[in-house]
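target.cif, holding mmCIF, C-alpha atoms:
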data_target
#
loop_
_atom_site.label_atom_id
_atom_site.label_comp_id
_atom_site.auth_asym_id
_atom_site.auth_seq_id
_atom_site.Cartn_x
_atom_site.Cartn_y
_atom_site.Cartn_z
CA MET A 929 2.73 36.34 14.50
CA THR A 930 5.51 37.59 12.20
CA GLU A 931 8.10 35.73 14.22
CA LEU A 932 6.02 32.57 14.15
CA LEU A 933 5.63 32.85 10.38
CA GLU A 934 9.38 33.14 9.89
CA THR A 935 10.13 30.29 12.28
CA LEU A 936 7.56 28.12 10.57
CA LYS A 937 8.99 28.80 7.13
CA GLN A 938 12.40 27.62 8.29
CA GLN A 939 10.92 24.56 9.98
CA VAL A 940 9.10 23.59 6.77
CA ILE A 941 12.28 24.03 4.75
CA ASP A 942 14.25 21.89 7.20
CA ALA A 943 11.61 19.17 7.56
CA LEU A 944 11.11 18.75 3.83
CA ASN A 945 14.75 19.28 2.84
CA LEU A 946 13.82 22.16 0.52
CA GLU A 947 17.46 23.02 0.11
CA ASP A 948 16.91 25.32 -2.85
CA LEU A 949 14.63 27.63 -0.88
CA THR A 950 15.22 30.28 1.75
CA PRO A 951 12.49 31.65 4.06
CA GLU A 952 12.37 34.79 1.92
CA ASP A 953 11.39 32.70 -1.11
CA ILE A 954 8.20 31.48 0.57
CA ASP A 955 5.05 33.56 0.28
CA VAL A 956 3.13 32.99 3.51
CA ASP A 957 -0.20 33.12 1.64
CA ALA A 958 0.79 30.86 -1.26
CA PRO A 959 -0.72 27.35 -1.32
CA LEU A 960 1.56 24.73 0.16
CA PHE A 961 0.22 21.94 -2.04
CA GLY A 962 -0.16 21.86 -5.81
CA GLU A 963 0.58 25.39 -6.99
CA GLY A 964 2.74 27.60 -4.78
CA LEU A 965 5.27 25.58 -2.82
CA GLY A 966 4.30 22.49 -4.81
CA LEU A 967 4.24 19.99 -1.99
CA ASP A 968 2.90 16.48 -2.54
CA SER A 969 0.19 15.06 -0.29
CA ILE A 970 2.66 12.73 1.44
CA ASP A 971 4.64 15.81 2.53
CA ALA A 972 1.75 16.52 4.90
CA LEU A 973 3.28 13.87 7.17
CA GLU A 974 6.25 16.11 7.88
CA LEU A 975 3.98 19.10 8.51
CA ILE A 976 1.96 17.05 10.98
CA MET A 977 5.18 16.21 12.81
CA ILE A 978 6.09 19.91 13.01
CA LEU A 979 2.79 20.63 14.73
CA GLU A 980 3.25 17.70 17.11
CA LYS A 981 6.90 18.03 18.00
CA GLU A 982 7.46 21.76 17.87
CA TYR A 983 4.12 23.01 19.14
CA GLY A 984 2.62 20.08 21.05
CA ILE A 985 -0.50 19.91 18.90
CA LYS A 986 -1.51 16.26 18.73
CA HIS A 987 -5.18 16.25 17.95
CA GLN A 988 -5.75 17.35 14.39
CA SER A 989 -8.95 16.21 12.78
CA PRO A 990 -8.30 14.55 9.39
CA ALA A 991 -11.16 16.57 7.92
CA GLN A 992 -9.46 19.84 8.95
CA GLY A 993 -6.09 18.94 7.50
CA LYS A 994 -6.39 20.59 4.15
CA GLU A 995 -7.58 23.86 5.69
CA ILE A 996 -4.81 23.88 8.30
CA PHE A 997 -2.13 23.26 5.70
CA LYS A 998 -3.49 25.62 3.08
CA SER A 999 -0.57 28.02 3.52
CA ILE A 1000 2.10 29.00 5.99
CA ARG A 1001 -0.28 31.63 7.34
CA THR A 1002 -3.14 29.18 7.99
CA MET A 1003 -0.68 26.85 9.69
CA ALA A 1004 0.57 29.68 11.88
CA GLU A 1005 -2.96 30.73 12.80
CA PHE A 1006 -3.80 27.15 13.77
CA ILE A 1007 -0.62 26.91 15.83
CA GLN A 1008 -1.31 30.17 17.60
CA ALA A 1009 -4.79 29.01 18.56
CA ASN A 1010 -3.84 25.47 19.63
CA ARG A 1011 -0.21 25.33 20.71
CA THR A 1012 0.65 23.76 24.03
CA LYS A 1013 4.33 24.72 24.01
CA MET B 1259 17.52 4.37 -4.69
CA LYS B 1260 16.01 7.76 -5.40
CA GLU B 1261 13.10 9.78 -4.16
CA GLN B 1262 11.29 11.42 -7.02
CA PRO B 1263 7.99 12.93 -8.00
CA HIS B 1264 5.92 10.62 -10.17
CA ASN B 1265 3.99 11.87 -13.15
CA ALA B 1266 2.46 8.78 -14.64
CA THR B 1267 -0.83 7.36 -13.42
CA GLN B 1268 -0.34 3.73 -12.57
CA TRP B 1269 -2.80 1.00 -13.32
CA GLN B 1270 -4.97 0.70 -10.24
CA GLY B 1271 -6.63 -2.68 -10.72
CA THR B 1272 -10.32 -3.34 -10.36
CA THR B 1273 -12.42 -6.47 -10.24
CA ASP B 1274 -14.29 -7.21 -13.46
CA GLY B 1275 -17.94 -8.22 -13.63
CA LEU B 1276 -21.29 -6.70 -12.71
CA PRO B 1277 -22.61 -6.55 -9.14
CA TRP B 1278 -25.20 -9.28 -9.78
CA MET B 1279 -22.41 -11.52 -11.08
CA HIS B 1280 -20.43 -10.97 -7.89
CA ARG B 1281 -23.48 -11.74 -5.75
CA ALA B 1282 -24.18 -14.89 -7.80
CA LEU B 1283 -20.56 -16.03 -7.46
CA ILE B 1284 -20.65 -15.55 -3.69
CA CYS B 1285 -23.88 -17.52 -3.54
CA VAL B 1286 -22.50 -20.35 -5.72
CA LEU B 1287 -19.27 -20.54 -3.72
CA GLY B 1288 -21.29 -20.98 -0.57
CA MET B 1289 -22.67 -24.23 -1.99
CA VAL B 1290 -20.20 -25.60 -4.56
CA PRO B 1291 -16.60 -26.72 -3.87
CA VAL B 1292 -14.06 -24.15 -5.00
CA GLY B 1293 -12.45 -26.78 -7.25
CA VAL B 1294 -15.54 -26.83 -9.45
CA VAL B 1295 -15.43 -23.05 -9.84
CA TYR B 1296 -11.67 -23.20 -10.49
CA ALA B 1297 -12.33 -25.68 -13.32
CA ILE B 1298 -15.02 -23.49 -14.87
CA ALA B 1299 -12.70 -20.49 -14.67
CA ALA B 1300 -9.83 -22.48 -16.21
CA VAL B 1301 -11.94 -23.53 -19.19
CA PHE B 1302 -13.99 -20.42 -19.87
CA VAL B 1303 -12.56 -17.36 -18.10
CA VAL B 1304 -8.77 -17.73 -18.23
CA PRO B 1305 -8.62 -18.27 -22.03
CA PHE B 1306 -10.83 -15.22 -22.50
CA TYR B 1307 -8.37 -13.05 -20.60
CA ILE B 1308 -5.32 -14.55 -22.30
CA LEU B 1309 -6.71 -14.37 -25.82
CA GLY B 1310 -9.19 -11.51 -25.55
CA ARG B 1311 -7.28 -9.12 -23.34
CA ARG B 1312 -3.76 -9.63 -24.45
CA GLN B 1313 -2.24 -6.70 -22.57
CA GLY B 1314 -2.14 -8.52 -19.23
CA TYR B 1315 -0.82 -11.66 -20.88
CA LEU B 1316 1.91 -9.75 -22.69
CA VAL B 1317 3.00 -7.98 -19.50
CA GLN B 1318 3.30 -11.32 -17.73
CA TYR B 1319 5.05 -12.96 -20.66
CA ARG B 1320 7.66 -10.18 -20.70
CA PHE B 1321 7.96 -10.40 -16.92
CA PHE B 1322 8.88 -14.07 -17.07
CA ARG B 1323 11.17 -13.63 -20.06
CA GLN B 1324 13.11 -10.70 -18.70
CA ALA B 1325 12.92 -10.82 -14.91
CA PHE B 1326 13.34 -14.59 -14.72
CA GLY B 1327 15.16 -15.23 -17.99
CA PHE B 1328 12.73 -17.97 -18.99
CA GLY B 1329 12.67 -19.25 -22.57
CA ALA B 1330 9.70 -18.49 -24.81
CA PHE B 1331 7.74 -21.66 -24.07
CA LYS B 1332 8.36 -21.55 -20.34
CA ALA B 1333 7.38 -17.86 -20.21
CA PHE B 1334 4.17 -18.68 -22.12
CA ARG B 1335 3.42 -21.53 -19.71
CA TYR B 1336 4.01 -19.35 -16.67
CA ALA B 1337 1.96 -16.47 -18.10
CA CYS B 1338 -0.95 -18.89 -18.53
CA LEU B 1339 -0.37 -20.33 -15.06
CA ASN B 1340 -0.33 -16.78 -13.68
CA HIS B 1341 -3.78 -16.09 -15.15
CA LEU B 1342 -5.09 -19.35 -13.75
CA ARG B 1343 -3.66 -18.59 -10.30
CA PHE B 1344 -5.08 -15.07 -10.40
CA ALA B 1345 -8.53 -16.45 -11.17
CA GLN B 1346 -8.14 -18.82 -8.23
CA VAL B 1347 -7.20 -16.13 -5.72
CA ILE B 1348 -10.11 -13.96 -6.84
CA ILE B 1349 -12.42 -16.94 -6.48
CA ASP B 1350 -10.98 -17.56 -3.01
CA ARG B 1351 -11.86 -14.01 -1.97
CA PHE B 1352 -15.44 -14.50 -3.07
CA ALA B 1353 -15.45 -17.92 -1.42
CA VAL B 1354 -14.57 -16.27 1.89
CA TYR B 1355 -17.43 -13.81 1.40
CA GLY B 1356 -19.60 -16.91 0.92
CA GLY B 1357 -18.39 -18.41 4.21
CA ARG B 1358 -15.62 -20.76 3.02
CA LYS B 1359 -12.57 -21.31 5.23
CA PHE B 1360 -8.96 -21.72 4.15
CA THR B 1361 -6.01 -22.97 6.19
CA PHE B 1362 -2.95 -20.84 6.81
CA ASP B 1363 0.64 -21.55 7.80
CA VAL B 1364 2.30 -18.44 9.15
CA GLU B 1365 6.06 -17.85 9.00
CA GLY B 1366 6.88 -15.16 11.52
CA ARG B 1367 3.73 -15.31 13.61
CA ALA B 1368 5.70 -14.52 16.77
CA ASP B 1369 6.93 -11.28 15.19
CA TYR B 1370 3.41 -10.33 14.23
CA ASP B 1371 1.95 -11.21 17.60
CA GLU B 1372 4.63 -9.16 19.33
CA LEU B 1373 3.63 -6.10 17.30
CA ALA B 1374 -0.09 -6.80 17.51
CA HIS B 1375 0.03 -7.08 21.29
CA GLY B 1376 2.46 -4.21 21.81
CA GLU B 1377 1.68 -0.61 22.66
CA SER B 1378 3.15 0.91 19.52
CA GLY B 1379 1.24 1.47 16.32
CA PHE B 1380 2.81 0.06 13.19
CA VAL B 1381 2.67 0.05 9.41
CA GLN B 1382 1.72 -3.14 7.61
CA VAL B 1383 2.81 -3.08 4.00
CA PHE B 1384 1.74 -5.59 1.39
CA SER B 1385 2.00 -6.29 -2.31
CA HIS B 1386 -0.13 -7.48 -5.19
CA ALA B 1387 1.59 -10.84 -5.17
CA GLY B 1388 -0.52 -13.59 -3.68
CA ASN B 1389 -3.74 -12.86 -1.83
CA TYR B 1390 -3.09 -10.32 0.92
CA GLU B 1391 -6.78 -9.77 1.61
CA LEU B 1392 -6.95 -13.20 3.24
CA ALA B 1393 -4.37 -12.21 5.87
CA GLY B 1394 -7.15 -10.37 7.66
CA TYR B 1395 -8.82 -13.67 8.52
CA GLU B 1396 -5.75 -15.24 10.11
CA LEU B 1397 -3.57 -12.48 11.58
CA ARG B 1398 -5.48 -11.03 14.49
CA GLN B 1399 -4.84 -7.87 16.44
CA PRO B 1400 -7.24 -7.95 19.39
CA ARG B 1401 -5.81 -4.79 20.98
CA LYS B 1402 -5.67 -2.69 17.85
CA ARG B 1403 -7.74 -1.60 14.91
CA LEU B 1404 -6.37 -2.04 11.40
CA TYR B 1405 -7.02 0.70 8.85
CA ALA B 1406 -6.54 -0.56 5.32
CA LEU B 1407 -5.83 1.96 2.57
CA LEU B 1408 -7.54 0.65 -0.54
CA PHE B 1409 -8.45 1.56 -4.06
CA ARG B 1410 -12.15 2.30 -4.29
CA ASP B 1411 -13.11 -0.74 -6.35
CA GLY B 1412 -15.85 -0.12 -8.90
CA SER B 1413 -18.11 -2.76 -7.41
CA GLN B 1414 -20.22 -1.81 -4.42
CA THR B 1415 -20.91 -5.52 -3.89
CA ILE B 1416 -17.22 -6.16 -3.29
CA MET B 1417 -16.88 -3.15 -1.02
CA ASP B 1418 -19.95 -4.14 1.00
CA ASN B 1419 -18.73 -7.70 1.40
CA ARG B 1420 -15.25 -6.62 2.34
CA ALA B 1421 -16.68 -4.27 4.95
CA SER B 1422 -18.97 -6.93 6.43
CA VAL B 1423 -16.22 -9.57 6.56
CA PHE B 1424 -13.56 -7.17 7.88
CA ALA B 1425 -15.63 -5.35 10.50
CA PRO B 1426 -15.74 -8.17 13.09
CA ASN B 1427 -11.95 -8.44 12.80
CA GLY B 1428 -11.39 -4.79 13.69
CA VAL B 1429 -10.55 -3.80 10.11
CA GLU B 1430 -11.71 -0.51 8.63
CA MET B 1431 -11.28 0.58 5.03
CA VAL B 1432 -9.72 3.94 4.19
CA PHE B 1433 -9.89 5.46 0.71
CA VAL B 1434 -7.66 8.05 -0.89
CA GLN B 1435 -9.39 11.44 -0.65
CA PRO B 1436 -8.71 14.59 -2.64
CA ASP B 1437 -8.57 16.59 0.61
CA MET B 1438 -5.68 14.39 1.83
CA SER B 1439 -7.67 13.42 4.93
CA HIS B 1440 -6.46 9.83 4.51
CA ILE B 1441 -2.88 11.03 5.19
CA PHE B 1442 -3.93 12.66 8.47
CA LEU B 1443 -6.03 9.66 9.39
CA LEU B 1444 -3.22 7.14 8.80
CA SER B 1445 -0.74 9.33 10.65
CA ASN B 1446 -3.11 9.44 13.63
CA VAL B 1447 -3.67 5.68 13.34
CA VAL B 1448 0.02 4.92 13.85
CA ARG B 1449 0.47 7.60 16.52
CA ASP B 1450 -2.48 6.21 18.50
CA GLY B 1451 -1.14 2.66 18.56
CA ASN B 1452 -3.14 1.15 15.71
CA ILE B 1453 -2.17 -0.40 12.37
CA ALA B 1454 -1.99 1.30 8.97
CA SER B 1455 -2.14 -1.23 6.13
CA ILE B 1456 -0.84 0.23 2.87
CA PRO B 1457 0.13 -1.31 -0.49
CA GLY B 1458 3.87 -1.22 -1.05
CA ASP B 1459 3.84 -1.77 -4.79
CA ARG B 1460 1.29 0.68 -6.19
CA ILE B 1461 1.73 4.42 -6.56
CA PHE B 1462 -1.59 6.12 -5.92
CA GLY B 1463 -2.71 9.12 -3.93
CA SER B 1464 0.71 10.66 -3.45
CA ARG B 1465 2.73 10.70 -6.68
CA LYS B 1466 6.09 10.34 -4.98
CA PHE B 1467 8.04 7.14 -5.33
CA VAL B 1468 11.37 5.64 -4.41
CA GLU B 1469 13.46 3.76 -6.89
CA CYS B 1470 14.74 0.43 -5.57
CA GLN B 1471 16.55 -2.50 -7.07
CA PHE B 1472 13.97 -5.21 -7.74
CA MET B 1473 14.44 -8.39 -9.75
CA GLY B 1474 17.68 -7.05 -11.18
CA SER B 1475 16.49 -3.62 -12.30
CA PRO B 1476 15.46 -0.32 -10.73
CA ALA B 1477 11.71 -0.17 -10.08
CA ARG B 1478 9.40 2.40 -8.55
CA PHE B 1479 7.82 1.82 -5.17
CA PRO B 1480 5.45 4.23 -3.43
CA LEU B 1481 7.05 6.48 -0.87
CA GLY B 1482 3.98 6.73 1.38
CA PRO B 1483 4.08 3.63 3.62
CA PHE B 1484 7.82 3.84 4.14
CA ARG B 1485 7.84 7.54 4.89
CA LEU B 1486 4.95 7.11 7.34
CA ALA B 1487 6.95 4.49 9.26
CA ALA B 1488 10.14 6.56 9.11
CA VAL B 1489 8.52 9.83 10.18
CA ARG B 1490 6.65 8.15 13.03
CA GLN B 1491 9.67 5.95 13.82
CA ALA B 1492 7.15 3.15 13.94
CA PRO B 1493 7.73 -0.55 13.29
CA ILE B 1494 6.94 -1.70 9.78
CA VAL B 1495 6.15 -5.23 8.70
CA ALA B 1496 5.73 -6.73 5.22
CA ILE B 1497 3.00 -9.33 4.81
CA PHE B 1498 2.79 -11.74 1.88
CA VAL B 1499 -0.03 -14.28 1.58
CA MET B 1500 0.82 -16.91 -1.01
CA LYS B 1501 -1.43 -19.66 -2.33
CA GLU B 1502 0.00 -23.15 -1.74
CA SER B 1503 -2.91 -25.43 -2.64
CA TRP B 1504 -6.63 -25.28 -3.34
CA THR B 1505 -7.42 -24.77 0.32
CA SER B 1506 -4.24 -23.50 1.93
CA TYR B 1507 -2.06 -20.41 2.04
CA ARG B 1508 1.32 -19.57 3.55
CA ILE B 1509 1.67 -16.17 5.18
CA PHE B 1510 5.10 -14.58 5.38
CA VAL B 1511 5.58 -11.93 8.06
CA ARG B 1512 8.79 -9.98 7.50
CA ARG B 1513 9.77 -7.25 9.92
CA LEU B 1514 11.63 -4.44 8.16
CA ASP B 1515 14.39 -2.73 10.06
CA SER B 1516 17.07 -0.35 8.84
CA SER B 1517 17.99 0.86 12.28
CA ASP B 1518 21.16 -1.17 12.56
CA GLN B 1519 24.37 0.79 13.08
CA GLY B 1520 22.40 3.09 15.37
CA GLN B 1521 20.80 4.98 12.50
CA LYS B 1522 17.15 6.01 12.36
CA PRO B 1523 15.26 4.13 9.66
CA THR B 1524 14.85 6.01 6.41
CA ALA B 1525 12.03 5.68 3.91
CA LEU B 1526 14.52 4.72 1.24
CA GLY B 1527 16.10 2.02 3.37
CA LEU B 1528 12.75 0.57 4.34
CA ALA B 1529 11.53 0.57 0.74
CA GLN B 1530 14.61 -1.34 -0.42
CA GLN B 1531 14.09 -3.88 2.34
CA PHE B 1532 10.51 -4.31 1.23
CA ALA B 1533 11.66 -4.74 -2.38
CA ASP B 1534 14.20 -7.36 -1.29
CA ASN B 1535 11.57 -9.31 0.65
CA LEU B 1536 9.10 -9.03 -2.21
CA GLU B 1537 11.71 -10.33 -4.63
CA ASP B 1538 12.41 -13.28 -2.36
CA VAL B 1539 8.72 -14.20 -2.26
CA VAL B 1540 8.15 -13.63 -5.98
CA ARG B 1541 11.08 -15.90 -6.81
CA ARG B 1542 9.49 -18.61 -4.66
CA TYR B 1543 6.02 -18.10 -6.17
CA PRO B 1544 6.69 -16.62 -9.62
CA GLU B 1545 3.19 -17.31 -10.94
CA GLN B 1546 1.63 -15.22 -8.17
CA TRP B 1547 2.88 -11.84 -9.38
CA PHE B 1548 -0.35 -9.96 -10.04
CA ASN B 1549 0.78 -6.52 -11.16
CA TYR B 1550 -0.59 -6.37 -14.70
CA PHE B 1551 1.31 -3.31 -15.81
CA ASP B 1552 4.88 -2.47 -16.69
CA PHE B 1553 6.22 -2.40 -13.16
CA TRP B 1554 9.62 -1.13 -14.14
CA GLN B 1555 8.41 1.65 -16.46
CA ASN B 1556 11.89 2.11 -17.75
CA GLU B 1557 12.56 1.84 -21.45
CA ASN B 1558 16.29 1.50 -20.88
CA ASN B 1559 16.28 -1.67 -18.83
CA GLY B 1560 13.84 -3.48 -21.05
CA ILE B 1561 11.62 -4.91 -18.33
#

Since I need it in another form, could you write the structure as structure tokens?
Amino acid sequence: MTELLETLKQQVIDALNLEDLTPEDIDVDAPLFGEGLGLDSIDALELIMILEKEYGIKHQSPAQGKEIFKSIRTMAEFIQANRTK
Amino acid sequence: MKEQPHNATQWQGTTDGLPWMHRALICVLGMVPVGVVYAIAAVFVVPFYILGRRQGYLVQYRFFRQAFGFGAFKAFRYACLNHLRFAQVIIDRFAVYGGRKFTFDVEGRADYDELAHGESGFVQVFSHAGNYELAGYELRQPRKRLYALLFRDGSQTIMDNRASVFAPNGVEMVFVQPDMSHIFLLSNVVRDGNIASIPGDRIFGSRKFVECQFMGSPARFPLGPFRLAAVRQAPIVAIFVMKESWTSYRIFVRRLDSSDQGQKPTALGLAQQFADNLEDVVRRYPEQWFNYFDFWQNENNGI
């Protein structure tokens, strides 16, 4: 899980071009949207693509989205439970 | 062009009037020629909006003065004409709810049909110039469903009528949700081979925008539709539905493509292409610019 968390942090930084951040700057339990990392709702598109391309998860329910992308940790837990690659 | 967070809340636009008024208008338009209702609107409604609600008039007046360089009298005349044309397109929407038919000439139908019959999902981006809502009655997509991201208009009558008119054409309405579920839904829509229809000239939901050159000055366009197309590497098409006469419209289908030189399309490149196409259409139909707010939001450029 620790490795996945670190990998995921780097993938989020790369996908969203968060050039000012390093993986160490990201608290895995901090909210991704609003407070915390301060992402905008449209940034969810890039997170969806991470799940699809990197982990082969293609069937996310729109209603689940906010819970999945609550934090890096919730993303990682979802990936661990649903990844196909 | 720049990608920036957006802090201001933009005017969203709603349809005035009470639900019973909307129902009565639909009923009347089912029986009376639209020209009669246009005349009533020209005499009683348009002057009310020009004289009584000056904000919209002033925005349009400045638009014609500064974006088009019109003189004072010509800008006044066009601002009045704009209000008249806006009344007409609103009446036309209600007329369709009442069963009226309009005729359409389509420029670029082959492009649209190619996308509509293809396997790939795509993004359909539109503006508040002309009467986009009427595109749904002419441009068909028998193999796909179209999901239209809309403002939740205050009137349930309008929403109910839109839903009933759109449903047989495979059109579903999607509203911005605080839980961002609309983002996931629209992403799935494009991935699964369907159509996401999103306004390209209003910043709502996401606060991010891109700054593009438009009518001679930098203006803010929403990032959402262009980023969706870029991230999904999906085709994106701009649709403009412009009123030509009392009973006819011309639909412009413009395929956006920044993938020349072997590069992947970028949201910024797509947004600028949309802005360029919008400018072309607005210059051809200047009185059909229906964004009643300061589109440029930039004190320095004066527009």

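Counting all atoms listed in the file, the residue from B:Phe1472, B:Phe1553, B:Phe1467, B:Phe1409 that sits nearest to chain A is B:Phe1467.
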
Rank nothing, just name the residue among B:Gly1458, B:Pro1523, B:Gly1388, B:Pro1400 nearest to B:Arg1542, using all atoms listed in the file.
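Looking at the shortest contact to B:Arg1542, the residue is B:Gly1388.
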
Care to translate the PyMOL selection byres ((chain A) within 7 of (chain B)) into actual residues of this file, as an NGL selection string?
:A and (968-970 or 973 or 990-991 or 993-994)

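Atom CA of B:Ala1406 to atom CA of A:Val940 spans 28.8 Å [interatomic distance, one decimal].
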
What residues come out when you apply the PyMOL selection byres ((chain A and resi 1005) around 12) to this file, written as a VMD selection string?
chain A and resid 929 to 930 932 to 933 936 956 to 957 979 995 to 1004 1006 to 1011

For atom CA of B:Arg1323 and atom CA of B:Trp1554, quote the distance in Å rounded to one decimal.
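Spanning atom CA of B:Arg1323 to atom CA of B:Trp1554 is a straight-line distance of 13.9 Å.
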
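The smallest atom-to-atom distance between B:Ala1297 and any of B:Pro1476, B:Trp1504, B:Ile1284, B:Phe1334, using only C-alpha atoms, is found for B:Trp1504.
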
Check the smallest atom-to-atom distance from each of B:Leu1528, B:Ala1353, B:Val1301, B:Leu1392 to B:Ile1497 using all atoms listed in the file, then report the winner.
B:Leu1392

Here's a test: counting all atoms listed in the file, identify every protein, DNA and RNA residue with an atom at most 12 Å from (-7.5, 0.3, 10.2) in the file's coordinate frame, and state them as a ChimeraX atom specification.
/B:1379-1382,1394,1399,1402-1408,1421,1424-1425,1427-1433,1440,1443-1448,1450-1456

Interatomic distance, atom CA of B:Ser1378 to atom CA of A:Gly984 (Å, one decimal)
19.2 Å

Tell me which protein, DNA and RNA residues are within 12 Å of A:Asn945, counting all atoms listed in the file, leaving out same-chain ones fewer than 4 positions away, and put them as a list of chain:residue names.
A:Lys937, A:Gln938, A:Gln939, A:Val940, A:Ile941, A:Leu949, A:Thr950, A:Leu967, A:Asp971, A:Glu974, B:Glu1261

Name the residues that the PyMOL selection byres ((chain B and resi 1343) around 12) picks from the file above, as an NGL selection string, using the file's chain letters and numbers.
:B and (1296-1297 or 1299-1300 or 1303-1304 or 1336-1342 or 1344-1350 or 1387-1389 or 1500-1504 or 1543-1548)

Any chance you could turn stretch 942-991 of chain A into a file with C-alpha atoms, as a PDB file, in the first residue's frame?
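Below is the file that was written, part.pdb:
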ATOM      1  CA  ASP A 942       2.586  14.451 -13.387  1.00  0.00           C
ATOM      2  CA  ALA A 943      -0.980  14.319 -14.689  1.00  0.00           C
ATOM      3  CA  LEU A 944      -1.934  17.706 -13.275  1.00  0.00           C
ATOM      4  CA  ASN A 945       1.414  19.399 -13.894  1.00  0.00           C
ATOM      5  CA  LEU A 946       1.774  20.302 -10.210  1.00  0.00           C
ATOM      6  CA  GLU A 947       5.336  21.359 -10.805  1.00  0.00           C
ATOM      7  CA  ASP A 948       5.692  23.133  -7.475  1.00  0.00           C
ATOM      8  CA  LEU A 949       4.967  19.975  -5.489  1.00  0.00           C
ATOM      9  CA  THR A 950       6.963  16.872  -4.663  1.00  0.00           C
ATOM     10  CA  PRO A 951       5.426  13.601  -3.408  1.00  0.00           C
ATOM     11  CA  GLU A 952       6.632  14.477   0.093  1.00  0.00           C
ATOM     12  CA  ASP A 953       4.515  17.640   0.039  1.00  0.00           C
ATOM     13  CA  ILE A 954       1.289  15.677  -0.373  1.00  0.00           C
ATOM     14  CA  ASP A 955      -0.511  14.409   2.714  1.00  0.00           C
ATOM     15  CA  VAL A 956      -2.189  11.162   1.678  1.00  0.00           C
ATOM     16  CA  ASP A 957      -5.193  11.918   3.901  1.00  0.00           C
ATOM     17  CA  ALA A 958      -5.650  15.553   2.862  1.00  0.00           C
ATOM     18  CA  PRO A 959      -8.642  16.365   0.639  1.00  0.00           C
ATOM     19  CA  LEU A 960      -7.766  16.495  -3.036  1.00  0.00           C
ATOM     20  CA  PHE A 961     -10.461  19.056  -3.850  1.00  0.00           C
ATOM     21  CA  GLY A 962     -11.148  22.389  -2.195  1.00  0.00           C
ATOM     22  CA  GLU A 963      -8.920  22.489   0.874  1.00  0.00           C
ATOM     23  CA  GLY A 964      -5.798  20.339   0.890  1.00  0.00           C
ATOM     24  CA  LEU A 965      -4.375  19.903  -2.595  1.00  0.00           C
ATOM     25  CA  GLY A 966      -6.859  22.472  -3.890  1.00  0.00           C
ATOM     26  CA  LEU A 967      -7.862  20.723  -7.087  1.00  0.00           C
ATOM     27  CA  ASP A 968     -10.748  22.019  -9.176  1.00  0.00           C
ATOM     28  CA  SER A 969     -13.606  19.733 -10.179  1.00  0.00           C
ATOM     29  CA  ILE A 970     -12.403  19.600 -13.796  1.00  0.00           C
ATOM     30  CA  ASP A 971      -9.107  18.123 -12.534  1.00  0.00           C
ATOM     31  CA  ALA A 972     -11.098  14.969 -11.777  1.00  0.00           C
ATOM     32  CA  LEU A 973     -10.827  14.195 -15.504  1.00  0.00           C
ATOM     33  CA  GLU A 974      -7.102  13.610 -15.161  1.00  0.00           C
ATOM     34  CA  LEU A 975      -7.612  11.442 -12.071  1.00  0.00           C
ATOM     35  CA  ILE A 976     -10.151   9.342 -13.958  1.00  0.00           C
ATOM     36  CA  MET A 977      -7.574   8.821 -16.700  1.00  0.00           C
ATOM     37  CA  ILE A 978      -5.000   7.671 -14.131  1.00  0.00           C
ATOM     38  CA  LEU A 979      -7.401   4.993 -12.941  1.00  0.00           C
ATOM     39  CA  GLU A 980      -8.191   3.922 -16.498  1.00  0.00           C
ATOM     40  CA  LYS A 981      -4.757   3.987 -18.076  1.00  0.00           C
ATOM     41  CA  GLU A 982      -2.508   3.025 -15.199  1.00  0.00           C
ATOM     42  CA  TYR A 983      -4.733   0.573 -13.367  1.00  0.00           C
ATOM     43  CA  GLY A 984      -7.272  -0.589 -15.948  1.00  0.00           C
ATOM     44  CA  ILE A 985     -10.271   0.576 -13.934  1.00  0.00           C
ATOM     45  CA  LYS A 986     -12.905   1.662 -16.430  1.00  0.00           C
ATOM     46  CA  HIS A 987     -16.190   1.393 -14.638  1.00  0.00           C
ATOM     47  CA  GLN A 988     -16.467   4.099 -12.037  1.00  0.00           C
ATOM     48  CA  SER A 989     -19.942   5.078 -11.005  1.00  0.00           C
ATOM     49  CA  PRO A 990     -20.455   8.871 -11.216  1.00  0.00           C
ATOM     50  CA  ALA A 991     -22.122   8.772  -7.799  1.00  0.00           C
TER      51      ALA A 991
END
